[in-house]
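K.L.:
I'd like to ask some things about the structure below.
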Amino acid sequence: MPRDSKEKNGQALPSLALVFGYIAVKDLQRLEDRVRVLARLGYGNQEIAAICGTTPMTVAVKKSALKRKKHEGAK
């Protein structure tokens with residue numbers, strides 16, 4: 001196997017971290033729930049977006065909304 005993690009046809013193999021992310025959220029339906037779990041596991045916006053099939057900006061907005069909900073609930 002080549003050292004650069006590429007197959008012969010040029011497609012990169014998924015990293016092990018991304019595979020674990022897919023497994024962690026496979027049963028969750030809502031994007032908000034997926035973002036919450038992956039953020040707690042330490043994934044960044046780019047990785048969360050790749051796992052959820054969305055954009056990093058959408059992930060950032062969801063994370064911001066989750067923070068807002070957390071602070072509103074504490075009042």
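Letters for chains follow the order of the structure tokens (A, B, ...), residue numbers begin at 1 for each chain, and ligand numbers begin at 1 in the order shown.
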Need the shell around Ala50 of chain A: protein/DNA/RNA residues with any atom at most 12 Å away, counting only C-alpha atoms. Skip same-chain ones fewer than 4 positions apart. Format as a PyMOL selection string?
P.N.:
chain A and resi 14-15+17-19+21-22+34-35+38+43-46+54-59
K.L.:
Using atom CA of Ser64 of chain A and atom CA of Gly42 of chain A as the two end points, give the distance in Å to one decimal.
P.N.:
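Interatomic distance, atom CA of Ser64 of chain A to atom CA of Gly42 of chain A: 15.5 Å.
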K.L.:
Under the rule that only C-alpha atoms are counted, which of A:Glu47, A:Cys52, A:Arg30, A:Arg68 is the nearest residue to Leu16 of chain A?
P.N.:
A:Glu47
K.L.:
Any chance you could list, as a PyMOL selection string, the residues in chain A that come up alpha helix (DSSP H) when DSSP is run on the backbone?
P.N.:
chain A and resi 16-24+31-40+45-52+56-74
K.L.:
Nearest to Leu41 of chain A: which of A:Ala65, A:Val25, A:Gly53, A:His71 is it, counting only C-alpha atoms?
P.N.:
A:Val25
K.L.:
Which residue, A:Ile23, A:Lys62, A:Gly73, A:Ala49, has the smallest gap to Arg36 of chain A when you use only C-alpha atoms?
P.N.:
A:Lys62
